[in-house]
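Student: My file is final.txt. It has compact mmCIF, N, CA and C atoms:
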```
# COMPACT_ATOMS: atom_id res chain seq x y z
N MET A 88 102.94 96.22 120.96
CA MET A 88 103.67 97.30 121.57
C MET A 88 102.73 98.34 122.13
N GLY A 89 101.48 98.09 122.07
CA GLY A 89 100.54 99.05 122.62
C GLY A 89 100.25 100.14 121.61
N GLU A 90 99.69 101.24 122.12
CA GLU A 90 99.28 102.35 121.26
C GLU A 90 100.50 103.12 120.75
N GLN A 91 100.56 103.33 119.43
CA GLN A 91 101.66 104.08 118.83
C GLN A 91 101.38 105.57 118.91
N LYS A 92 102.39 106.34 119.26
CA LYS A 92 102.28 107.79 119.26
C LYS A 92 102.58 108.29 117.86
N LYS A 93 102.02 109.44 117.51
CA LYS A 93 102.35 110.06 116.23
C LYS A 93 103.79 110.55 116.28
N ASN A 94 104.41 110.57 115.12
CA ASN A 94 105.78 111.08 115.00
C ASN A 94 106.77 110.33 115.88
N THR A 95 106.67 109.02 115.88
CA THR A 95 107.61 108.17 116.62
C THR A 95 108.50 107.45 115.63
N ILE A 96 109.75 107.27 116.01
CA ILE A 96 110.69 106.47 115.21
C ILE A 96 111.47 105.58 116.17
N HIS A 97 111.91 104.45 115.69
CA HIS A 97 112.70 103.52 116.50
C HIS A 97 114.09 103.39 115.89
N LEU A 98 114.98 102.75 116.64
CA LEU A 98 116.31 102.39 116.15
C LEU A 98 116.42 100.88 116.15
N VAL A 99 117.23 100.36 115.23
CA VAL A 99 117.54 98.93 115.22
C VAL A 99 119.07 98.84 115.22
N LYS A 100 119.60 97.92 116.04
CA LYS A 100 121.04 97.83 116.27
C LYS A 100 121.45 96.38 116.42
N LEU A 101 122.60 96.01 115.80
CA LEU A 101 123.15 94.68 116.01
C LEU A 101 123.67 94.58 117.43
N CYS A 102 123.42 93.47 118.08
CA CYS A 102 123.91 93.22 119.43
C CYS A 102 125.19 92.40 119.29
N VAL A 103 126.30 93.09 119.07
CA VAL A 103 127.58 92.45 118.77
C VAL A 103 128.14 91.74 120.00
N GLY A 104 128.63 90.52 119.77
CA GLY A 104 129.25 89.75 120.84
C GLY A 104 128.27 88.98 121.69
N VAL A 105 127.00 89.01 121.33
CA VAL A 105 125.97 88.30 122.08
C VAL A 105 125.35 87.25 121.16
N ASP A 106 125.25 86.01 121.66
CA ASP A 106 124.74 84.90 120.86
C ASP A 106 123.28 84.56 121.12
N SER A 107 122.70 85.09 122.21
CA SER A 107 121.32 84.77 122.53
C SER A 107 120.72 85.88 123.37
N LEU A 108 119.40 85.91 123.39
CA LEU A 108 118.70 86.89 124.22
C LEU A 108 119.01 86.65 125.69
N GLU A 109 119.13 85.40 126.07
CA GLU A 109 119.46 85.06 127.46
C GLU A 109 120.85 85.60 127.84
N GLN A 110 121.79 85.55 126.90
CA GLN A 110 123.12 86.09 127.16
C GLN A 110 123.06 87.61 127.35
N LEU A 111 122.24 88.29 126.54
CA LEU A 111 122.07 89.73 126.69
C LEU A 111 121.45 90.04 128.06
N GLU A 112 120.45 89.28 128.44
CA GLU A 112 119.82 89.50 129.74
C GLU A 112 120.81 89.28 130.88
N ALA A 113 121.64 88.26 130.78
CA ALA A 113 122.64 87.97 131.81
C ALA A 113 123.67 89.10 131.88
N TRP A 114 124.11 89.60 130.73
CA TRP A 114 125.08 90.70 130.69
C TRP A 114 124.50 91.95 131.35
N ARG A 115 123.23 92.25 131.04
CA ARG A 115 122.57 93.42 131.61
C ARG A 115 122.43 93.27 133.13
N ALA A 116 122.08 92.07 133.61
CA ALA A 116 121.95 91.83 135.04
C ALA A 116 123.30 92.03 135.75
N GLN A 117 124.36 91.57 135.11
CA GLN A 117 125.70 91.75 135.68
C GLN A 117 126.05 93.23 135.77
N ARG A 118 125.76 93.99 134.72
CA ARG A 118 126.04 95.43 134.72
C ARG A 118 125.24 96.15 135.81
N ARG A 119 123.98 95.74 136.02
CA ARG A 119 123.16 96.35 137.08
C ARG A 119 123.79 96.09 138.44
N ARG A 120 124.28 94.86 138.66
CA ARG A 120 124.92 94.53 139.94
C ARG A 120 126.19 95.35 140.13
N GLU A 121 126.97 95.51 139.06
CA GLU A 121 128.25 96.23 139.14
C GLU A 121 128.04 97.72 139.37
N THR A 122 127.06 98.31 138.69
CA THR A 122 126.89 99.76 138.73
C THR A 122 125.81 100.22 139.69
N GLY A 123 124.86 99.34 140.01
CA GLY A 123 123.74 99.74 140.85
C GLY A 123 122.71 100.57 140.10
N VAL A 124 122.85 100.67 138.77
CA VAL A 124 121.95 101.47 137.93
C VAL A 124 121.10 100.52 137.09
N ALA A 125 119.79 100.71 137.12
CA ALA A 125 118.88 99.82 136.39
C ALA A 125 118.88 100.08 134.89
N GLU A 126 119.00 101.35 134.50
CA GLU A 126 118.94 101.66 133.07
C GLU A 126 120.22 101.23 132.36
N THR A 127 120.08 100.97 131.09
CA THR A 127 121.21 100.60 130.25
C THR A 127 121.57 101.81 129.40
N ARG A 128 122.84 102.03 129.17
CA ARG A 128 123.25 103.12 128.27
C ARG A 128 124.14 102.54 127.19
N HIS A 129 123.71 102.72 125.95
CA HIS A 129 124.49 102.28 124.80
C HIS A 129 125.12 103.52 124.16
N VAL A 130 126.44 103.56 124.12
CA VAL A 130 127.14 104.72 123.57
C VAL A 130 127.45 104.47 122.10
N THR A 131 127.12 105.44 121.28
CA THR A 131 127.32 105.34 119.84
C THR A 131 127.96 106.63 119.33
N ARG A 132 128.62 106.53 118.20
CA ARG A 132 129.35 107.67 117.64
C ARG A 132 128.42 108.75 117.11
N MET A 133 127.32 108.33 116.50
CA MET A 133 126.43 109.28 115.83
C MET A 133 125.25 109.65 116.74
N TRP A 134 124.83 110.92 116.64
CA TRP A 134 123.67 111.41 117.38
C TRP A 134 122.46 111.32 116.44
N PRO A 135 121.35 110.69 116.86
CA PRO A 135 120.19 110.57 115.97
C PRO A 135 119.64 111.94 115.56
N LYS A 136 119.52 112.15 114.27
CA LYS A 136 118.97 113.41 113.77
C LYS A 136 117.47 113.51 114.07
N GLN A 137 116.81 112.36 114.19
CA GLN A 137 115.38 112.33 114.50
C GLN A 137 115.16 112.16 116.01
N GLU A 138 115.93 112.91 116.78
CA GLU A 138 115.91 112.81 118.24
C GLU A 138 114.50 113.01 118.81
N GLU A 139 113.80 114.01 118.36
CA GLU A 139 112.47 114.31 118.90
C GLU A 139 111.52 113.13 118.70
N ALA A 140 111.51 112.55 117.51
CA ALA A 140 110.63 111.41 117.22
C ALA A 140 111.07 110.18 118.02
N LEU A 141 112.37 109.99 118.19
CA LEU A 141 112.88 108.85 118.96
C LEU A 141 112.46 108.95 120.42
N LEU A 142 112.50 110.16 120.96
CA LEU A 142 112.15 110.37 122.36
C LEU A 142 110.63 110.46 122.57
N ASN A 143 109.87 110.29 121.51
CA ASN A 143 108.42 110.32 121.57
C ASN A 143 107.86 108.88 121.55
N GLY A 144 108.40 108.03 122.39
CA GLY A 144 107.91 106.65 122.48
C GLY A 144 108.72 105.65 121.69
N GLY A 145 109.92 106.02 121.24
CA GLY A 145 110.74 105.11 120.45
C GLY A 145 111.45 104.06 121.29
N SER A 146 111.88 102.99 120.62
CA SER A 146 112.61 101.91 121.26
C SER A 146 113.85 101.58 120.44
N LEU A 147 114.79 100.90 121.06
CA LEU A 147 115.93 100.35 120.35
C LEU A 147 115.66 98.85 120.22
N TYR A 148 115.62 98.36 118.98
CA TYR A 148 115.37 96.95 118.69
C TYR A 148 116.72 96.26 118.50
N TRP A 149 116.94 95.16 119.24
CA TRP A 149 118.20 94.44 119.21
C TRP A 149 118.15 93.29 118.21
N VAL A 150 119.16 93.25 117.33
CA VAL A 150 119.34 92.15 116.38
C VAL A 150 120.39 91.21 116.96
N ILE A 151 119.97 89.96 117.21
CA ILE A 151 120.87 88.96 117.76
C ILE A 151 120.92 87.80 116.78
N LYS A 152 122.13 87.49 116.29
CA LYS A 152 122.33 86.39 115.33
C LYS A 152 121.42 86.54 114.11
N GLY A 153 121.32 87.75 113.59
CA GLY A 153 120.57 88.00 112.36
C GLY A 153 119.07 88.11 112.51
N VAL A 154 118.57 88.17 113.75
CA VAL A 154 117.14 88.24 113.99
C VAL A 154 116.84 89.31 115.04
N ILE A 155 115.88 90.21 114.74
CA ILE A 155 115.41 91.14 115.78
C ILE A 155 114.67 90.28 116.79
N GLN A 156 115.09 90.36 118.07
CA GLN A 156 114.51 89.49 119.09
C GLN A 156 113.93 90.24 120.28
N ALA A 157 114.35 91.50 120.48
CA ALA A 157 113.89 92.23 121.66
C ALA A 157 114.02 93.73 121.43
N ARG A 158 113.39 94.48 122.32
CA ARG A 158 113.50 95.93 122.27
C ARG A 158 113.58 96.48 123.69
N GLN A 159 114.10 97.70 123.77
CA GLN A 159 114.10 98.45 125.02
C GLN A 159 113.65 99.86 124.69
N ALA A 160 112.79 100.42 125.51
CA ALA A 160 112.32 101.79 125.31
C ALA A 160 113.49 102.76 125.49
N VAL A 161 113.54 103.79 124.64
CA VAL A 161 114.56 104.83 124.76
C VAL A 161 114.03 105.89 125.73
N LEU A 162 114.79 106.16 126.79
CA LEU A 162 114.38 107.13 127.80
C LEU A 162 114.90 108.53 127.50
N ARG A 163 116.16 108.59 127.09
CA ARG A 163 116.76 109.90 126.80
C ARG A 163 118.08 109.68 126.07
N LEU A 164 118.66 110.77 125.59
CA LEU A 164 119.97 110.75 124.94
C LEU A 164 120.89 111.63 125.78
N ASP A 165 121.99 111.07 126.22
CA ASP A 165 122.98 111.81 127.02
C ASP A 165 124.21 112.08 126.17
N GLU A 166 124.77 113.25 126.32
CA GLU A 166 126.05 113.54 125.66
C GLU A 166 127.15 112.88 126.47
N VAL A 167 128.01 112.14 125.78
CA VAL A 167 129.12 111.44 126.42
C VAL A 167 130.39 111.87 125.70
N GLU A 168 131.36 112.35 126.47
CA GLU A 168 132.63 112.73 125.86
C GLU A 168 133.69 111.73 126.28
N GLY A 169 134.30 111.09 125.29
CA GLY A 169 135.32 110.09 125.56
C GLY A 169 136.64 110.73 125.94
N GLY A 170 137.58 109.91 126.32
CA GLY A 170 138.92 110.39 126.67
C GLY A 170 139.60 111.07 125.50
N ASP A 171 139.10 110.82 124.29
CA ASP A 171 139.67 111.43 123.09
C ASP A 171 139.05 112.79 122.78
N GLY A 172 138.10 113.24 123.64
CA GLY A 172 137.47 114.54 123.45
C GLY A 172 136.35 114.54 122.41
N ILE A 173 136.02 113.39 121.86
CA ILE A 173 134.98 113.32 120.84
C ILE A 173 133.62 113.16 121.51
N ARG A 174 132.65 113.95 121.06
CA ARG A 174 131.27 113.91 121.58
C ARG A 174 130.57 112.68 120.98
N ARG A 175 129.97 111.90 121.87
CA ARG A 175 129.21 110.73 121.44
C ARG A 175 127.82 110.78 122.06
N CYS A 176 126.95 109.88 121.60
CA CYS A 176 125.58 109.83 122.09
C CYS A 176 125.41 108.62 122.99
N GLY A 177 124.96 108.85 124.21
CA GLY A 177 124.62 107.76 125.12
C GLY A 177 123.11 107.55 125.05
N ILE A 178 122.70 106.47 124.41
CA ILE A 178 121.27 106.16 124.31
C ILE A 178 120.88 105.45 125.60
N VAL A 179 120.09 106.12 126.44
CA VAL A 179 119.69 105.56 127.73
C VAL A 179 118.40 104.79 127.53
N LEU A 180 118.44 103.51 127.93
CA LEU A 180 117.35 102.58 127.68
C LEU A 180 116.68 102.16 128.98
N ALA A 181 115.38 101.91 128.91
CA ALA A 181 114.63 101.41 130.07
C ALA A 181 115.18 100.05 130.48
N PRO A 182 115.05 99.69 131.75
CA PRO A 182 115.59 98.41 132.21
C PRO A 182 114.91 97.20 131.59
N GLN A 183 113.63 97.32 131.28
CA GLN A 183 112.87 96.15 130.80
C GLN A 183 113.25 95.80 129.36
N LEU A 184 113.62 94.55 129.15
CA LEU A 184 113.90 93.99 127.83
C LEU A 184 112.63 93.28 127.38
N ILE A 185 112.03 93.74 126.30
CA ILE A 185 110.76 93.21 125.83
C ILE A 185 110.99 92.35 124.60
N ARG A 186 110.59 91.08 124.69
CA ARG A 186 110.72 90.17 123.55
C ARG A 186 109.73 90.58 122.47
N VAL A 187 110.19 90.46 121.22
CA VAL A 187 109.34 90.78 120.07
C VAL A 187 109.31 89.59 119.12
N ALA A 188 108.32 89.59 118.23
CA ALA A 188 108.24 88.54 117.22
C ALA A 188 109.52 88.57 116.41
N PRO A 189 110.17 87.44 116.21
CA PRO A 189 111.44 87.41 115.48
C PRO A 189 111.27 87.94 114.05
N ALA A 190 112.23 88.77 113.64
CA ALA A 190 112.24 89.32 112.28
C ALA A 190 113.67 89.28 111.77
N VAL A 191 113.88 88.61 110.65
CA VAL A 191 115.22 88.47 110.07
C VAL A 191 115.74 89.83 109.64
N ARG A 192 117.02 90.08 109.88
CA ARG A 192 117.65 91.34 109.51
C ARG A 192 119.07 91.06 109.03
N ARG A 193 119.40 91.57 107.86
CA ARG A 193 120.77 91.41 107.33
C ARG A 193 121.74 92.27 108.13
N PRO A 194 123.02 91.87 108.14
CA PRO A 194 124.02 92.65 108.87
C PRO A 194 124.16 94.08 108.33
N PHE A 195 124.48 95.00 109.22
CA PHE A 195 124.71 96.40 108.88
C PHE A 195 125.60 96.99 109.96
N GLN A 196 126.15 98.15 109.68
CA GLN A 196 127.00 98.81 110.68
C GLN A 196 126.22 99.91 111.37
N GLY A 197 126.59 100.16 112.62
CA GLY A 197 125.94 101.24 113.37
C GLY A 197 124.51 100.88 113.73
N TRP A 198 123.64 101.87 113.64
CA TRP A 198 122.21 101.65 113.88
C TRP A 198 121.45 102.22 112.70
N ARG A 199 120.20 101.80 112.57
CA ARG A 199 119.33 102.26 111.50
C ARG A 199 118.01 102.68 112.12
N TYR A 200 117.31 103.60 111.44
CA TYR A 200 115.96 103.95 111.87
C TYR A 200 115.01 102.82 111.49
N LEU A 201 113.95 102.67 112.26
CA LEU A 201 112.93 101.66 112.02
C LEU A 201 111.58 102.33 112.22
N LYS A 202 110.79 102.37 111.16
CA LYS A 202 109.46 102.97 111.24
C LYS A 202 108.56 102.10 112.11
N PRO A 203 107.65 102.72 112.85
CA PRO A 203 106.75 101.94 113.71
C PRO A 203 105.99 100.85 112.96
N GLU A 204 105.57 101.14 111.73
CA GLU A 204 104.82 100.13 110.97
C GLU A 204 105.68 98.94 110.54
N ASP A 205 107.02 99.10 110.58
CA ASP A 205 107.93 98.01 110.21
C ASP A 205 108.48 97.27 111.43
N ALA A 206 108.15 97.75 112.62
CA ALA A 206 108.66 97.14 113.86
C ALA A 206 107.89 95.87 114.18
N PRO A 207 108.60 94.80 114.56
CA PRO A 207 107.90 93.56 114.94
C PRO A 207 107.09 93.78 116.22
N PRO A 208 105.95 93.10 116.33
CA PRO A 208 105.12 93.26 117.52
C PRO A 208 105.74 92.59 118.74
N ASP A 209 105.36 93.08 119.91
CA ASP A 209 105.79 92.48 121.16
C ASP A 209 105.20 91.09 121.29
N LEU A 210 105.94 90.21 121.95
CA LEU A 210 105.44 88.88 122.28
C LEU A 210 104.88 88.91 123.71
N PRO A 211 103.97 87.99 124.01
CA PRO A 211 103.50 87.91 125.40
C PRO A 211 104.69 87.56 126.30
N SER A 212 104.60 87.91 127.56
CA SER A 212 105.66 87.60 128.52
C SER A 212 105.89 86.10 128.56
N ARG A 213 107.15 85.72 128.73
CA ARG A 213 107.48 84.28 128.82
C ARG A 213 107.02 83.75 130.16
N ARG A 214 106.62 82.50 130.13
CA ARG A 214 106.20 81.84 131.35
C ARG A 214 107.29 80.89 131.80
N GLU A 215 107.33 80.64 133.09
CA GLU A 215 108.26 79.65 133.65
C GLU A 215 108.07 78.33 132.92
N GLY A 216 109.14 77.71 132.47
CA GLY A 216 109.05 76.43 131.81
C GLY A 216 108.91 76.50 130.30
N ASP A 217 108.72 77.72 129.73
CA ASP A 217 108.68 77.84 128.27
C ASP A 217 110.03 77.41 127.71
N PRO A 218 110.04 76.62 126.63
CA PRO A 218 111.33 76.15 126.09
C PRO A 218 112.11 77.29 125.42
N ASP A 219 113.43 77.22 125.56
CA ASP A 219 114.31 78.15 124.86
C ASP A 219 114.67 77.53 123.53
N MET A 220 114.61 78.33 122.47
CA MET A 220 115.01 77.82 121.16
C MET A 220 116.36 78.41 120.80
N PRO A 221 117.22 77.63 120.17
CA PRO A 221 118.51 78.16 119.73
C PRO A 221 118.29 79.31 118.74
N PRO A 222 119.15 80.33 118.77
CA PRO A 222 118.99 81.48 117.87
C PRO A 222 118.91 81.07 116.40
N GLU A 223 119.65 80.03 116.02
CA GLU A 223 119.63 79.59 114.62
C GLU A 223 118.25 79.09 114.23
N LEU A 224 117.58 78.36 115.14
CA LEU A 224 116.24 77.87 114.88
C LEU A 224 115.24 79.02 114.80
N VAL A 225 115.36 79.97 115.72
CA VAL A 225 114.51 81.15 115.69
C VAL A 225 114.65 81.87 114.35
N ALA A 226 115.89 82.03 113.90
CA ALA A 226 116.15 82.72 112.62
C ALA A 226 115.50 81.97 111.46
N LYS A 227 115.67 80.65 111.42
CA LYS A 227 115.09 79.85 110.32
C LYS A 227 113.56 79.91 110.33
N LEU A 228 112.96 79.79 111.51
CA LEU A 228 111.50 79.85 111.62
C LEU A 228 110.98 81.22 111.22
N ALA A 229 111.69 82.28 111.62
CA ALA A 229 111.29 83.64 111.23
C ALA A 229 111.43 83.83 109.74
N GLU A 230 112.48 83.27 109.17
CA GLU A 230 112.75 83.39 107.74
C GLU A 230 111.62 82.79 106.89
N ILE A 231 111.06 81.68 107.37
CA ILE A 231 109.99 81.04 106.59
C ILE A 231 108.60 81.47 107.07
N GLY A 232 108.56 82.40 108.01
CA GLY A 232 107.29 82.99 108.41
C GLY A 232 106.49 82.25 109.46
N ILE A 233 107.13 81.32 110.18
CA ILE A 233 106.42 80.57 111.21
C ILE A 233 106.40 81.35 112.52
N LEU A 234 107.44 82.08 112.81
CA LEU A 234 107.47 82.91 114.03
C LEU A 234 107.29 84.35 113.69
```
Take the structure in the file and write it out as structure tokens.
Tutor:
Amino acid sequence: MGEQKKNTIHLVKLCVGVDSLEQLEAWRAQRRRETGVAETRHVTRMWPKQEEALLNGGSLYWVIKGVIQARQAVLRLDEVEGGDGIRRCGIVLAPQLIRVAPAVRRPFQGWRYLKPEDAPPDLPSRREGDPDMPPELVAKLAEIGIL
């Protein structure tokens, strides 16, 4: 992930309704075409209390099928008010989805903080022709420490 800044924190979040990293990438590409906006915004009920540290180089790590598989840099937090008048947090993410070394994660609700020292490292960029592995295989290999 490159050089870590001091006082940085990350978020980890389940990617609900997505079965693979490729499906997440396809969904994001569709949203970009529909909206014309490159950045992704994930709206959540809770506002991060560690906002300053999150905005100091933090990322949101996506858990897909029980495995952290990718991250996106957090650009800013926008206040979003729903039709119900409730204030929510729009976590604005960089367009680039960065693959990370798979790390098994048990299910949880909402999002959790992730210390930089506990964050999985970035993987090298994928090359054309690299094989895709099923999420279940990635999870098993990560579980036994091969990936």
Student: Determine, counting all atoms listed in the file, which protein, DNA and RNA residues have an atom within 7 Å of an atom of A:Arg175; residues of the same chain fewer than 3 positions away are not included. Present the result as a list in words.
Tutor: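 Those residues are Val130, Thr131, Arg132, Met133, Trp134, Asp165, Glu166, Val167, Glu168, Gly169 and Gly172 of chain A.
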Student: For atom C of A:Ala116 and atom CA of A:His97, quote the distance in Å rounded to one decimal.
Tutor: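 Computing it gives 24.8 Å between the two atoms.
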Student: Just want the 8 Å neighbourhood of stretch 198-211 of chain A, counted on only C-alpha atoms, with same-chain residues fewer than 5 positions away dropped. Output as an mmCIF file with N, CA and C atoms, in the frame of the given file.
Tutor:
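result27.cif was written with the following content:
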```cif
data_model
loop_
_atom_site.group_PDB
_atom_site.id
_atom_site.type_symbol
_atom_site.label_atom_id
_atom_site.label_comp_id
_atom_site.auth_asym_id
_atom_site.auth_seq_id
_atom_site.Cartn_x
_atom_site.Cartn_y
_atom_site.Cartn_z
ATOM 1 N N MET A 88 102.940 96.220 120.960
ATOM 2 C CA MET A 88 103.670 97.300 121.570
ATOM 3 C C MET A 88 102.730 98.340 122.130
ATOM 4 N N GLN A 91 100.560 103.330 119.430
ATOM 5 C CA GLN A 91 101.660 104.080 118.830
ATOM 6 C C GLN A 91 101.380 105.570 118.910
ATOM 7 N N THR A 95 106.670 109.020 115.880
ATOM 8 C CA THR A 95 107.610 108.170 116.620
ATOM 9 C C THR A 95 108.500 107.450 115.630
ATOM 10 N N ILE A 96 109.750 107.270 116.010
ATOM 11 C CA ILE A 96 110.690 106.470 115.210
ATOM 12 C C ILE A 96 111.470 105.580 116.170
ATOM 13 N N HIS A 97 111.910 104.450 115.690
ATOM 14 C CA HIS A 97 112.700 103.520 116.500
ATOM 15 C C HIS A 97 114.090 103.390 115.890
ATOM 16 N N LEU A 98 114.980 102.750 116.640
ATOM 17 C CA LEU A 98 116.310 102.390 116.150
ATOM 18 C C LEU A 98 116.420 100.880 116.150
ATOM 19 N N VAL A 99 117.230 100.360 115.230
ATOM 20 C CA VAL A 99 117.540 98.930 115.220
ATOM 21 C C VAL A 99 119.070 98.840 115.220
ATOM 22 N N LYS A 100 119.600 97.920 116.040
ATOM 23 C CA LYS A 100 121.040 97.830 116.270
ATOM 24 C C LYS A 100 121.450 96.380 116.420
ATOM 25 N N LEU A 101 122.600 96.010 115.800
ATOM 26 C CA LEU A 101 123.150 94.680 116.010
ATOM 27 C C LEU A 101 123.670 94.580 117.430
ATOM 28 N N ILE A 155 115.880 90.210 114.740
ATOM 29 C CA ILE A 155 115.410 91.140 115.780
ATOM 30 C C ILE A 155 114.670 90.280 116.790
ATOM 31 N N ILE A 185 112.030 93.740 126.300
ATOM 32 C CA ILE A 185 110.760 93.210 125.830
ATOM 33 C C ILE A 185 110.990 92.350 124.600
ATOM 34 N N ARG A 186 110.590 91.080 124.690
ATOM 35 C CA ARG A 186 110.720 90.170 123.550
ATOM 36 C C ARG A 186 109.730 90.580 122.470
ATOM 37 N N VAL A 187 110.190 90.460 121.220
ATOM 38 C CA VAL A 187 109.340 90.780 120.070
ATOM 39 C C VAL A 187 109.310 89.590 119.120
ATOM 40 N N ALA A 188 108.320 89.590 118.230
ATOM 41 C CA ALA A 188 108.240 88.540 117.220
ATOM 42 C C ALA A 188 109.520 88.570 116.410
ATOM 43 N N PRO A 189 110.170 87.440 116.210
ATOM 44 C CA PRO A 189 111.440 87.410 115.480
ATOM 45 C C PRO A 189 111.270 87.940 114.050
ATOM 46 N N ALA A 190 112.230 88.770 113.640
ATOM 47 C CA ALA A 190 112.240 89.320 112.280
ATOM 48 C C ALA A 190 113.670 89.280 111.770
#
```
Student: Provide the atom C of A:Leu141 to atom CA of A:Arg158 distance in Å, to one decimal place.
Tutor: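 Answer for the atom C of A:Leu141 to atom CA of A:Arg158 separation: 13.2 Å.
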Student: One number please: atom CA of A:Ala160 to atom C of A:Ile173, in Å, one decimal.
Tutor: 24.4 Å
Student: Just checking: using only C-alpha atoms, which residue out of A:Cys176, A:Gly170, A:Glu112, A:Tyr148 ends up closest to A:Lys136?
Tutor: A:Cys176
Student: Which residue gives the smallest distance to A:Ala125 among A:Lys152, A:Gln183, A:Gly145, A:Val105, with only N, CA and C atoms counted?
Tutor: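 Answer, going by the shortest atom-to-atom distance: A:Gln183.
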Student: Nearest to A:Asn143 among A:Gln156, A:Asn94, A:Thr127, A:Gln117, with distances taken over only C-alpha atoms: which residue is it?
Tutor: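 Nearest to A:Asn143: A:Asn94.
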Student: Using only C-alpha atoms, find the one residue out of A:Ala181, A:Leu224, A:Ala113, A:Val161 that sits nearest to A:Pro135.
Tutor: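 Of A:Ala181, A:Leu224, A:Ala113, A:Val161, the one nearest A:Pro135 is A:Val161, counting only C-alpha atoms.
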Student: Between A:Leu162, A:Ala157, A:Val191, A:Ala140, which is the closest to A:Gly177 once you count only C-alpha atoms?
Tutor: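 The shortest atom-to-atom distance to A:Gly177 comes from A:Leu162.
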Student: Would you please give, as JSON, numbers by chain, all residues of chain A that DSSP assigns to helix (DSSP H, G or I) based on the backbone?
Tutor: {"A": [108, 109, 110, 111, 112, 113, 114, 115, 116, 117, 118, 119, 120, 121, 122, 138, 139, 140, 141, 203, 204, 205, 222, 223, 224, 225, 226, 227, 228, 229, 230]}
Student: With all atoms listed in the file as the basis for distance, which of A:Val154, A:Leu142, A:Ile178, A:Leu164 is at the shortest distance from A:Arg193?
Tutor: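 Closest to A:Arg193, using all atoms listed in the file: A:Val154.
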Student: Pick out each residue of chain A that DSSP on the backbone tags as strand (DSSP E or B); I need them as a ChimeraX atom specification.
Tutor: /A:97-101,127-131,146-151,154-168,174-180,185-191,198-201,209
